[in-house]
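Engineer: Got a structure for you, structure_15.txt, holding compact mmCIF, N, CA, C and O atoms.
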```
# COMPACT_ATOMS: atom_id res chain seq x y z
N MET A 1157 -0.33 23.10 1.02
CA MET A 1157 -0.17 21.68 0.74
C MET A 1157 -0.82 20.89 1.88
O MET A 1157 -0.52 21.12 3.04
N ASP A 1158 -1.72 19.98 1.51
CA ASP A 1158 -2.35 19.19 2.57
C ASP A 1158 -1.43 18.02 2.97
O ASP A 1158 -0.37 17.82 2.38
N LYS A 1159 -1.85 17.27 3.97
CA LYS A 1159 -1.00 16.20 4.51
C LYS A 1159 -0.73 15.11 3.49
O LYS A 1159 0.39 14.60 3.40
N LEU A 1160 -1.74 14.74 2.71
CA LEU A 1160 -1.54 13.71 1.71
C LEU A 1160 -0.58 14.18 0.62
O LEU A 1160 0.32 13.43 0.21
N GLU A 1161 -0.74 15.40 0.17
CA GLU A 1161 0.20 15.96 -0.81
C GLU A 1161 1.62 15.98 -0.26
O GLU A 1161 2.59 15.70 -0.98
N LYS A 1162 1.75 16.29 1.03
CA LYS A 1162 3.07 16.31 1.67
C LYS A 1162 3.69 14.91 1.65
O LYS A 1162 4.88 14.76 1.35
N LEU A 1163 2.88 13.88 1.95
CA LEU A 1163 3.40 12.51 1.93
C LEU A 1163 3.83 12.10 0.53
O LEU A 1163 4.87 11.45 0.35
N ILE A 1164 3.06 12.48 -0.48
CA ILE A 1164 3.42 12.15 -1.85
C ILE A 1164 4.73 12.83 -2.23
O ILE A 1164 5.61 12.21 -2.84
N LYS A 1165 4.89 14.07 -1.83
CA LYS A 1165 6.14 14.79 -2.12
C LYS A 1165 7.32 14.11 -1.42
O LYS A 1165 8.38 13.93 -2.02
N MET A 1166 7.13 13.73 -0.16
CA MET A 1166 8.19 13.05 0.57
C MET A 1166 8.56 11.73 -0.11
O MET A 1166 9.74 11.38 -0.21
N GLN A 1167 7.55 11.01 -0.61
CA GLN A 1167 7.81 9.74 -1.28
C GLN A 1167 8.55 9.96 -2.60
O GLN A 1167 9.45 9.20 -2.94
N ARG A 1168 8.18 10.99 -3.35
CA ARG A 1168 8.90 11.31 -4.59
C ARG A 1168 10.38 11.56 -4.30
O ARG A 1168 11.26 11.07 -5.01
N ASN A 1169 10.65 12.31 -3.23
CA ASN A 1169 12.03 12.59 -2.85
C ASN A 1169 12.77 11.32 -2.46
O ASN A 1169 13.92 11.12 -2.84
N LEU A 1170 12.11 10.45 -1.70
CA LEU A 1170 12.72 9.19 -1.30
C LEU A 1170 12.98 8.31 -2.52
O LEU A 1170 14.05 7.71 -2.63
N ALA A 1171 12.03 8.24 -3.43
CA ALA A 1171 12.20 7.41 -4.63
C ALA A 1171 13.40 7.89 -5.45
O ALA A 1171 14.16 7.07 -5.99
N THR A 1172 13.58 9.19 -5.53
CA THR A 1172 14.73 9.74 -6.25
C THR A 1172 16.03 9.33 -5.55
O THR A 1172 16.99 8.91 -6.19
N LEU A 1173 16.03 9.41 -4.23
CA LEU A 1173 17.20 9.05 -3.45
C LEU A 1173 17.54 7.56 -3.59
O LEU A 1173 18.71 7.18 -3.66
N LEU A 1174 16.51 6.72 -3.64
CA LEU A 1174 16.70 5.28 -3.68
C LEU A 1174 16.78 4.71 -5.10
O LEU A 1174 16.84 3.49 -5.25
N ALA A 1175 16.75 5.56 -6.10
CA ALA A 1175 16.75 5.09 -7.49
C ALA A 1175 17.83 4.05 -7.72
O ALA A 1175 18.96 4.18 -7.25
N SER A 1176 17.45 2.99 -8.44
CA SER A 1176 18.38 1.88 -8.68
C SER A 1176 18.14 1.32 -10.07
O SER A 1176 16.99 1.22 -10.51
N PRO A 1177 19.21 0.90 -10.74
CA PRO A 1177 19.03 0.26 -12.05
C PRO A 1177 18.31 -1.09 -11.94
O PRO A 1177 17.81 -1.61 -12.92
N ARG A 1178 18.25 -1.65 -10.73
CA ARG A 1178 17.55 -2.93 -10.53
C ARG A 1178 16.04 -2.75 -10.42
O ARG A 1178 15.30 -3.72 -10.47
N TYR A 1179 15.59 -1.52 -10.25
CA TYR A 1179 14.16 -1.25 -10.14
C TYR A 1179 13.50 -1.56 -11.49
O TYR A 1179 14.03 -1.17 -12.54
N PRO A 1180 12.40 -2.30 -11.49
CA PRO A 1180 11.76 -2.67 -12.76
C PRO A 1180 11.46 -1.46 -13.64
O PRO A 1180 11.17 -0.38 -13.14
N THR A 1181 11.49 -1.68 -14.93
CA THR A 1181 11.28 -0.57 -15.87
C THR A 1181 9.81 -0.38 -16.24
O THR A 1181 9.41 0.71 -16.60
N LYS A 1182 9.01 -1.44 -16.15
CA LYS A 1182 7.60 -1.34 -16.51
C LYS A 1182 6.75 -0.98 -15.29
O LYS A 1182 6.95 -1.53 -14.21
N THR A 1183 5.79 -0.08 -15.50
CA THR A 1183 4.93 0.37 -14.39
C THR A 1183 4.24 -0.81 -13.71
O THR A 1183 4.22 -0.90 -12.48
N GLU A 1184 3.69 -1.72 -14.49
CA GLU A 1184 2.98 -2.86 -13.91
C GLU A 1184 3.91 -3.69 -13.02
O GLU A 1184 3.53 -4.12 -11.93
N GLU A 1185 5.13 -3.90 -13.45
CA GLU A 1185 6.10 -4.65 -12.65
C GLU A 1185 6.45 -3.89 -11.37
O GLU A 1185 6.55 -4.50 -10.29
N ARG A 1186 6.62 -2.58 -11.48
CA ARG A 1186 6.96 -1.78 -10.29
C ARG A 1186 5.86 -1.86 -9.26
O ARG A 1186 6.12 -2.05 -8.07
N ILE A 1187 4.62 -1.76 -9.69
CA ILE A 1187 3.50 -1.80 -8.76
C ILE A 1187 3.39 -3.17 -8.11
O ILE A 1187 3.14 -3.29 -6.91
N SER A 1188 3.59 -4.23 -8.88
CA SER A 1188 3.44 -5.58 -8.33
C SER A 1188 4.47 -5.88 -7.24
O SER A 1188 4.24 -6.70 -6.35
N PHE A 1189 5.62 -5.21 -7.28
CA PHE A 1189 6.66 -5.43 -6.27
C PHE A 1189 6.39 -4.68 -4.97
O PHE A 1189 7.11 -4.86 -4.00
N LEU A 1190 5.36 -3.86 -4.95
CA LEU A 1190 5.18 -2.97 -3.81
C LEU A 1190 4.23 -3.47 -2.71
O LEU A 1190 3.88 -2.70 -1.86
N CYS A 1191 3.82 -4.77 -2.71
CA CYS A 1191 2.64 -5.09 -1.86
C CYS A 1191 2.61 -6.33 -0.97
O CYS A 1191 1.60 -6.99 -0.96
N THR A 1192 3.56 -6.71 -0.14
CA THR A 1192 3.38 -7.91 0.71
C THR A 1192 3.99 -7.84 2.11
O THR A 1192 4.14 -8.87 2.77
N GLU A 1193 4.32 -6.70 2.61
CA GLU A 1193 5.08 -6.57 3.85
C GLU A 1193 4.38 -7.08 5.12
O GLU A 1193 4.97 -7.82 5.89
N LEU A 1194 3.16 -6.67 5.35
CA LEU A 1194 2.49 -6.96 6.62
C LEU A 1194 2.17 -8.43 6.79
O LEU A 1194 2.19 -8.95 7.90
N GLN A 1195 1.92 -9.13 5.71
CA GLN A 1195 1.51 -10.53 5.79
C GLN A 1195 2.53 -11.39 6.52
O GLN A 1195 2.16 -12.31 7.25
N ARG A 1196 3.80 -11.09 6.39
CA ARG A 1196 4.81 -11.95 7.03
C ARG A 1196 4.74 -11.91 8.55
O ARG A 1196 5.26 -12.79 9.22
N LEU A 1197 4.06 -10.92 9.12
CA LEU A 1197 3.92 -10.83 10.58
C LEU A 1197 2.72 -11.61 11.12
O LEU A 1197 2.58 -11.76 12.31
N THR A 1198 1.87 -12.06 10.22
CA THR A 1198 0.64 -12.74 10.66
C THR A 1198 0.82 -14.25 10.63
O THR A 1198 1.78 -14.77 10.08
N ASN A 1199 -0.13 -14.95 11.18
CA ASN A 1199 -0.10 -16.41 11.24
C ASN A 1199 -0.84 -17.02 10.05
O ASN A 1199 -1.63 -17.94 10.21
N TRP A 1200 -0.58 -16.52 8.87
CA TRP A 1200 -1.29 -17.02 7.69
C TRP A 1200 -0.79 -18.39 7.23
O TRP A 1200 -1.49 -19.09 6.51
N LYS A 1201 0.40 -18.77 7.65
CA LYS A 1201 0.92 -20.09 7.27
C LYS A 1201 0.35 -21.13 8.24
O LYS A 1201 0.85 -21.30 9.35
N TRP A 1202 -0.68 -21.82 7.83
CA TRP A 1202 -1.38 -22.74 8.71
C TRP A 1202 -0.49 -23.88 9.18
O TRP A 1202 -0.74 -24.50 10.20
N TRP A 1203 0.60 -24.18 8.46
CA TRP A 1203 1.47 -25.30 8.81
C TRP A 1203 2.54 -24.94 9.83
O TRP A 1203 3.23 -25.81 10.33
N LYS A 1204 2.67 -23.63 10.15
CA LYS A 1204 3.68 -23.21 11.13
C LYS A 1204 3.05 -23.01 12.50
O LYS A 1204 1.85 -22.74 12.61
N ASN A 1205 3.87 -23.12 13.53
CA ASN A 1205 3.39 -22.82 14.87
C ASN A 1205 3.06 -21.34 14.97
O ASN A 1205 3.87 -20.50 14.54
N PRO A 1206 1.89 -21.01 15.51
CA PRO A 1206 1.51 -19.60 15.61
C PRO A 1206 2.45 -18.81 16.54
O PRO A 1206 3.00 -19.36 17.48
N THR A 1207 2.61 -17.54 16.23
CA THR A 1207 3.40 -16.65 17.08
C THR A 1207 2.51 -15.51 17.54
O THR A 1207 1.44 -15.27 16.99
N VAL A 1208 2.97 -14.82 18.57
CA VAL A 1208 2.23 -13.67 19.09
C VAL A 1208 2.34 -12.52 18.09
O VAL A 1208 3.44 -12.23 17.60
N PHE A 1209 1.24 -11.91 17.80
CA PHE A 1209 1.22 -10.79 16.86
C PHE A 1209 1.90 -9.59 17.50
O PHE A 1209 1.55 -9.18 18.61
N ASN A 1210 2.90 -9.03 16.83
CA ASN A 1210 3.66 -7.91 17.35
C ASN A 1210 3.10 -6.61 16.77
O ASN A 1210 3.34 -6.28 15.60
N TYR A 1211 2.38 -5.86 17.57
CA TYR A 1211 1.71 -4.64 17.10
C TYR A 1211 2.71 -3.56 16.68
O TYR A 1211 2.47 -2.84 15.72
N GLU A 1212 3.81 -3.44 17.40
CA GLU A 1212 4.79 -2.41 17.04
C GLU A 1212 5.43 -2.71 15.68
O GLU A 1212 5.59 -1.82 14.86
N GLU A 1213 5.80 -3.97 15.47
CA GLU A 1213 6.34 -4.34 14.16
C GLU A 1213 5.30 -4.13 13.07
O GLU A 1213 5.61 -3.69 11.97
N ALA A 1214 4.05 -4.47 13.39
CA ALA A 1214 2.97 -4.30 12.41
C ALA A 1214 2.80 -2.83 12.03
O ALA A 1214 2.56 -2.51 10.86
N LYS A 1215 2.94 -1.94 12.99
CA LYS A 1215 2.83 -0.50 12.69
C LYS A 1215 3.94 -0.07 11.74
O LYS A 1215 3.71 0.70 10.80
N GLU A 1216 5.15 -0.56 11.98
CA GLU A 1216 6.26 -0.23 11.08
C GLU A 1216 6.02 -0.78 9.69
O GLU A 1216 6.27 -0.09 8.69
N GLU A 1217 5.54 -2.00 9.60
CA GLU A 1217 5.26 -2.60 8.30
C GLU A 1217 4.11 -1.88 7.60
O GLU A 1217 4.13 -1.72 6.38
N LEU A 1218 3.15 -1.42 8.37
CA LEU A 1218 2.04 -0.66 7.79
C LEU A 1218 2.56 0.63 7.15
O LEU A 1218 2.12 1.01 6.06
N ILE A 1219 3.52 1.27 7.78
CA ILE A 1219 4.12 2.47 7.19
C ILE A 1219 4.90 2.10 5.93
O ILE A 1219 4.89 2.85 4.95
N ASP A 1220 5.56 0.93 5.93
CA ASP A 1220 6.20 0.47 4.70
C ASP A 1220 5.16 0.32 3.59
O ASP A 1220 5.39 0.70 2.45
N ILE A 1221 4.02 -0.25 3.94
CA ILE A 1221 2.94 -0.41 2.97
C ILE A 1221 2.50 0.96 2.46
O ILE A 1221 2.27 1.14 1.26
N LEU A 1222 2.41 1.93 3.36
CA LEU A 1222 2.04 3.29 2.94
C LEU A 1222 3.07 3.84 1.97
O LEU A 1222 2.71 4.47 0.96
N HIS A 1223 4.35 3.59 2.23
CA HIS A 1223 5.39 3.98 1.27
C HIS A 1223 5.11 3.35 -0.09
O HIS A 1223 5.19 4.01 -1.13
N PHE A 1224 4.76 2.07 -0.08
CA PHE A 1224 4.52 1.36 -1.33
C PHE A 1224 3.28 1.91 -2.04
O PHE A 1224 3.28 2.06 -3.26
N VAL A 1225 2.24 2.18 -1.27
CA VAL A 1225 1.02 2.74 -1.86
C VAL A 1225 1.31 4.11 -2.46
O VAL A 1225 0.87 4.43 -3.58
N LEU A 1226 2.05 4.93 -1.74
CA LEU A 1226 2.40 6.25 -2.26
C LEU A 1226 3.25 6.13 -3.52
O LEU A 1226 3.06 6.87 -4.49
N GLN A 1227 4.17 5.15 -3.53
CA GLN A 1227 4.98 4.96 -4.73
C GLN A 1227 4.11 4.49 -5.90
O GLN A 1227 4.29 4.95 -7.03
N ALA A 1228 3.16 3.61 -5.64
CA ALA A 1228 2.24 3.17 -6.70
C ALA A 1228 1.42 4.35 -7.19
O ALA A 1228 1.15 4.48 -8.39
N THR A 1229 1.05 5.24 -6.28
CA THR A 1229 0.33 6.46 -6.65
C THR A 1229 1.16 7.28 -7.62
O THR A 1229 0.66 7.77 -8.64
N ILE A 1230 2.44 7.41 -7.32
CA ILE A 1230 3.35 8.14 -8.19
C ILE A 1230 3.49 7.43 -9.53
O ILE A 1230 3.44 8.06 -10.59
N GLU A 1231 3.64 6.10 -9.50
CA GLU A 1231 3.79 5.32 -10.73
C GLU A 1231 2.58 5.49 -11.65
O GLU A 1231 2.71 5.46 -12.87
N LEU A 1232 1.40 5.67 -11.05
CA LEU A 1232 0.18 5.82 -11.83
C LEU A 1232 -0.17 7.29 -12.10
O LEU A 1232 -1.26 7.59 -12.58
N ASN A 1233 0.77 8.17 -11.77
CA ASN A 1233 0.58 9.62 -11.99
C ASN A 1233 -0.69 10.16 -11.33
O ASN A 1233 -1.42 10.96 -11.91
N MET A 1234 -0.94 9.71 -10.11
CA MET A 1234 -2.12 10.18 -9.36
C MET A 1234 -1.74 11.33 -8.45
O MET A 1234 -0.62 11.39 -7.94
N THR A 1235 -2.69 12.22 -8.25
CA THR A 1235 -2.53 13.33 -7.31
C THR A 1235 -3.29 13.00 -6.03
O THR A 1235 -4.04 12.02 -5.98
N ALA A 1236 -3.14 13.85 -5.03
CA ALA A 1236 -3.91 13.69 -3.80
C ALA A 1236 -5.40 13.76 -4.11
O ALA A 1236 -6.19 12.99 -3.55
N ASP A 1237 -5.79 14.66 -5.00
CA ASP A 1237 -7.20 14.76 -5.40
C ASP A 1237 -7.68 13.47 -6.06
O ASP A 1237 -8.82 13.03 -5.82
N ASP A 1238 -6.83 12.87 -6.88
CA ASP A 1238 -7.20 11.59 -7.50
C ASP A 1238 -7.43 10.53 -6.45
O ASP A 1238 -8.38 9.74 -6.55
N ILE A 1239 -6.57 10.48 -5.45
CA ILE A 1239 -6.70 9.47 -4.39
C ILE A 1239 -8.04 9.63 -3.68
O ILE A 1239 -8.78 8.66 -3.49
N VAL A 1240 -8.38 10.86 -3.34
CA VAL A 1240 -9.66 11.12 -2.66
C VAL A 1240 -10.82 10.74 -3.58
O VAL A 1240 -11.79 10.11 -3.16
N LYS A 1241 -10.72 11.09 -4.85
CA LYS A 1241 -11.78 10.79 -5.82
C LYS A 1241 -12.00 9.28 -5.94
O LYS A 1241 -13.13 8.80 -5.82
N TYR A 1242 -10.93 8.53 -6.18
CA TYR A 1242 -11.06 7.08 -6.36
C TYR A 1242 -11.43 6.38 -5.06
O TYR A 1242 -12.19 5.41 -5.06
N TYR A 1243 -10.90 6.86 -3.95
CA TYR A 1243 -11.26 6.28 -2.66
C TYR A 1243 -12.76 6.48 -2.40
O TYR A 1243 -13.46 5.55 -1.99
N SER A 1244 -13.23 7.69 -2.63
CA SER A 1244 -14.65 7.99 -2.40
C SER A 1244 -15.55 7.12 -3.27
O SER A 1244 -16.56 6.58 -2.81
N LYS A 1245 -15.16 6.97 -4.53
CA LYS A 1245 -15.94 6.15 -5.46
C LYS A 1245 -15.98 4.70 -4.97
O LYS A 1245 -17.05 4.09 -4.91
N LYS A 1246 -14.83 4.15 -4.60
CA LYS A 1246 -14.78 2.76 -4.14
C LYS A 1246 -15.49 2.58 -2.80
O LYS A 1246 -16.14 1.56 -2.56
N ASN A 1247 -15.42 3.57 -1.94
CA ASN A 1247 -16.11 3.53 -0.66
C ASN A 1247 -17.62 3.40 -0.87
O ASN A 1247 -18.29 2.60 -0.19
N LYS A 1248 -18.15 4.16 -1.80
CA LYS A 1248 -19.59 4.08 -2.12
C LYS A 1248 -19.95 2.70 -2.64
O LYS A 1248 -20.99 2.13 -2.26
N ILE A 1249 -19.11 2.15 -3.52
CA ILE A 1249 -19.35 0.81 -4.07
C ILE A 1249 -19.35 -0.22 -2.95
O ILE A 1249 -20.23 -1.09 -2.88
N ASN A 1250 -18.38 -0.13 -2.04
CA ASN A 1250 -18.29 -1.10 -0.94
C ASN A 1250 -19.50 -1.01 -0.02
O ASN A 1250 -20.01 -2.03 0.46
N LYS A 1251 -19.98 0.20 0.26
CA LYS A 1251 -21.18 0.36 1.09
C LYS A 1251 -22.40 -0.24 0.40
O LYS A 1251 -23.22 -0.89 1.04
N LYS A 1252 -22.50 -0.01 -0.90
CA LYS A 1252 -23.62 -0.57 -1.67
C LYS A 1252 -23.57 -2.10 -1.65
O LYS A 1252 -24.59 -2.77 -1.47
N ARG A 1253 -22.36 -2.65 -1.81
CA ARG A 1253 -22.21 -4.10 -1.76
C ARG A 1253 -22.63 -4.66 -0.41
O ARG A 1253 -23.25 -5.72 -0.33
N LYS A 1254 -22.29 -3.96 0.65
CA LYS A 1254 -22.66 -4.41 2.00
C LYS A 1254 -24.18 -4.44 2.14
O LYS A 1254 -24.74 -5.41 2.68
N LYS A 1255 -24.84 -3.41 1.64
CA LYS A 1255 -26.30 -3.36 1.71
C LYS A 1255 -26.94 -4.51 0.93
O LYS A 1255 -28.01 -4.98 1.27
N MET A 1256 -26.24 -4.95 -0.13
CA MET A 1256 -26.78 -6.02 -0.98
C MET A 1256 -26.27 -7.40 -0.56
O MET A 1256 -26.44 -8.36 -1.29
N ASP A 1257 -25.62 -7.49 0.61
CA ASP A 1257 -25.05 -8.75 1.11
C ASP A 1257 -24.11 -9.38 0.11
O ASP A 1257 -24.11 -10.59 -0.10
N TYR A 1258 -23.28 -8.56 -0.49
CA TYR A 1258 -22.30 -9.02 -1.49
C TYR A 1258 -21.28 -9.92 -0.90
O TYR A 1258 -20.82 -9.81 0.18
```
Written as C-alpha cells, that's how I'd like the structure from this file.
Structural biologist:
Amino acid sequence: MDKLEKLIKMQRNLATLLASPRYPTKTEERISFLCTELQRLTNWKWWKNPTVFNYEEAKEELIDILHFVLQATIELNMTADDIVKYYSKKNKINKKRKKMDY
C-alpha cells in the first residue's frame, strides 16, 4: 500500500467513526461542505484590520483540507491511481495554459 492509499484508508476509517445523520445525503452536497478552512486564516476580508499570518495554524488547517479532499475522493469513488491520473492530466493542461499565457 502506498502512502496515498494509506491516507485514503485512514480517511475511510475516520469517516465511519464520525458518521452522523446530519451529514448530507447527496454526494454533491457532501463535497460542497468540504472546502473552506484555510481562508479564515488569511486577510481576505478587505474591511477588517489585517492580522499576522499564523503558519502553524495554517498547517493544521491545510491538513483539515487534506481530510476534506480525501473524503471528496471517497465520495467520488476514486482510488489513489485515479488521483494520480486526474492530477497528471490537469497538470499537463495547466502547463499548456501557462505556455499560452492563459
Engineer: One decimal, Å: what's the distance from atom O of A:Lys1246 over to atom CA of A:Thr1198, could you say?
Structural biologist: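 Spanning atom O of A:Lys1246 to atom CA of A:Thr1198 is a straight-line distance of 25.7 Å.
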Engineer: Atom O of A:Phe1209 and atom O of A:Leu1197, how far apart in Å?
Structural biologist: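 Interatomic distance, atom O of A:Leu1197 to atom O of A:Phe1209: 6.9 Å.
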Engineer: Rank nothing, just name the residue among A:Glu1231, A:Glu1213, A:Ile1221, A:Ser1244 nearest to A:Glu1184, using only N, CA, C and O atoms.
Structural biologist: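 Of all the options, A:Glu1231 lies closest to A:Glu1184.
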Engineer: Residues of chain A in helix (DSSP H, G or I) according to DSSP, as JSON, numbers by chain?
Structural biologist: {"A": [1159, 1160, 1161, 1162, 1163, 1164, 1165, 1166, 1167, 1168, 1169, 1170, 1171, 1172, 1173, 1183, 1184, 1185, 1186, 1187, 1188, 1194, 1195, 1196, 1197, 1211, 1212, 1213, 1214, 1215, 1216, 1217, 1218, 1219, 1220, 1221, 1222, 1223, 1224, 1225, 1226, 1227, 1228, 1229, 1230, 1231, 1236, 1237, 1238, 1239, 1240, 1241, 1242, 1243, 1244, 1245, 1246, 1247, 1248, 1249, 1250, 1251, 1252, 1253, 1254, 1255]}
Engineer: Calculate how many Å separate atom CA of A:Met1234 from atom CA of A:Glu1216, rounding to one decimal.
Structural biologist: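 About the pair atom CA of A:Met1234 and atom CA of A:Glu1216: they are 24.4 Å apart.
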Engineer: Return the single residue from A:Gln1227, A:Arg1253, A:Lys1245, A:Ile1239 that is closest to A:Leu1174, with distances computed using only C-alpha atoms.
Structural biologist: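 Under the stated criterion, the closest residue is A:Gln1227.
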Engineer: Any chance you could turn stretch 1236-1248 of chain A into a file with N, CA, C and O atoms, as a PDB file, in the first residue's frame?
Structural biologist:
```pdb
ATOM      1  N   ALA A1236      -6.364   5.802  -5.398  1.00  0.00           N
ATOM      2  CA  ALA A1236      -5.092   6.522  -5.462  1.00  0.00           C
ATOM      3  C   ALA A1236      -4.638   6.646  -6.915  1.00  0.00           C
ATOM      4  O   ALA A1236      -4.139   7.698  -7.332  1.00  0.00           O
ATOM      5  N   ASP A1237      -4.830   5.586  -7.695  1.00  0.00           N
ATOM      6  CA  ASP A1237      -4.465   5.632  -9.119  1.00  0.00           C
ATOM      7  C   ASP A1237      -5.284   6.688  -9.863  1.00  0.00           C
ATOM      8  O   ASP A1237      -4.756   7.392 -10.735  1.00  0.00           O
ATOM      9  N   ASP A1238      -6.565   6.796  -9.519  1.00  0.00           N
ATOM     10  CA  ASP A1238      -7.402   7.825 -10.145  1.00  0.00           C
ATOM     11  C   ASP A1238      -6.870   9.213  -9.832  1.00  0.00           C
ATOM     12  O   ASP A1238      -6.836  10.088 -10.703  1.00  0.00           O
ATOM     13  N   ILE A1239      -6.478   9.433  -8.590  1.00  0.00           N
ATOM     14  CA  ILE A1239      -5.969  10.742  -8.179  1.00  0.00           C
ATOM     15  C   ILE A1239      -4.733  11.099  -9.000  1.00  0.00           C
ATOM     16  O   ILE A1239      -4.626  12.204  -9.539  1.00  0.00           O
ATOM     17  N   VAL A1240      -3.819  10.156  -9.128  1.00  0.00           N
ATOM     18  CA  VAL A1240      -2.601  10.398  -9.911  1.00  0.00           C
ATOM     19  C   VAL A1240      -2.959  10.657 -11.372  1.00  0.00           C
ATOM     20  O   VAL A1240      -2.430  11.575 -12.006  1.00  0.00           O
ATOM     21  N   LYS A1241      -3.888   9.886 -11.905  1.00  0.00           N
ATOM     22  CA  LYS A1241      -4.302  10.034 -13.310  1.00  0.00           C
ATOM     23  C   LYS A1241      -4.895  11.425 -13.558  1.00  0.00           C
ATOM     24  O   LYS A1241      -4.475  12.133 -14.479  1.00  0.00           O
ATOM     25  N   TYR A1242      -5.865  11.820 -12.736  1.00  0.00           N
ATOM     26  CA  TYR A1242      -6.515  13.119 -12.934  1.00  0.00           C
ATOM     27  C   TYR A1242      -5.588  14.279 -12.615  1.00  0.00           C
ATOM     28  O   TYR A1242      -5.628  15.323 -13.275  1.00  0.00           O
ATOM     29  N   TYR A1243      -4.745  14.112 -11.617  1.00  0.00           N
ATOM     30  CA  TYR A1243      -3.776  15.158 -11.293  1.00  0.00           C
ATOM     31  C   TYR A1243      -2.816  15.358 -12.466  1.00  0.00           C
ATOM     32  O   TYR A1243      -2.543  16.489 -12.878  1.00  0.00           O
ATOM     33  N   SER A1244      -2.311  14.257 -12.997  1.00  0.00           N
ATOM     34  CA  SER A1244      -1.365  14.335 -14.123  1.00  0.00           C
ATOM     35  C   SER A1244      -2.006  15.012 -15.328  1.00  0.00           C
ATOM     36  O   SER A1244      -1.390  15.865 -15.981  1.00  0.00           O
ATOM     37  N   LYS A1245      -3.245  14.643 -15.605  1.00  0.00           N
ATOM     38  CA  LYS A1245      -3.964  15.237 -16.739  1.00  0.00           C
ATOM     39  C   LYS A1245      -4.121  16.746 -16.536  1.00  0.00           C
ATOM     40  O   LYS A1245      -3.834  17.536 -17.436  1.00  0.00           O
ATOM     41  N   LYS A1246      -4.557  17.154 -15.350  1.00  0.00           N
ATOM     42  CA  LYS A1246      -4.762  18.580 -15.072  1.00  0.00           C
ATOM     43  C   LYS A1246      -3.445  19.339 -15.036  1.00  0.00           C
ATOM     44  O   LYS A1246      -3.357  20.487 -15.483  1.00  0.00           O
ATOM     45  N   ASN A1247      -2.390  18.708 -14.549  1.00  0.00           N
ATOM     46  CA  ASN A1247      -1.069  19.321 -14.525  1.00  0.00           C
ATOM     47  C   ASN A1247      -0.609  19.665 -15.939  1.00  0.00           C
ATOM     48  O   ASN A1247      -0.079  20.756 -16.188  1.00  0.00           O
ATOM     49  N   LYS A1248      -0.819  18.751 -16.865  1.00  0.00           N
ATOM     50  CA  LYS A1248      -0.452  18.991 -18.274  1.00  0.00           C
ATOM     51  C   LYS A1248      -1.254  20.156 -18.842  1.00  0.00           C
ATOM     52  O   LYS A1248      -0.705  21.011 -19.559  1.00  0.00           O
TER      53      LYS A1248
END
```
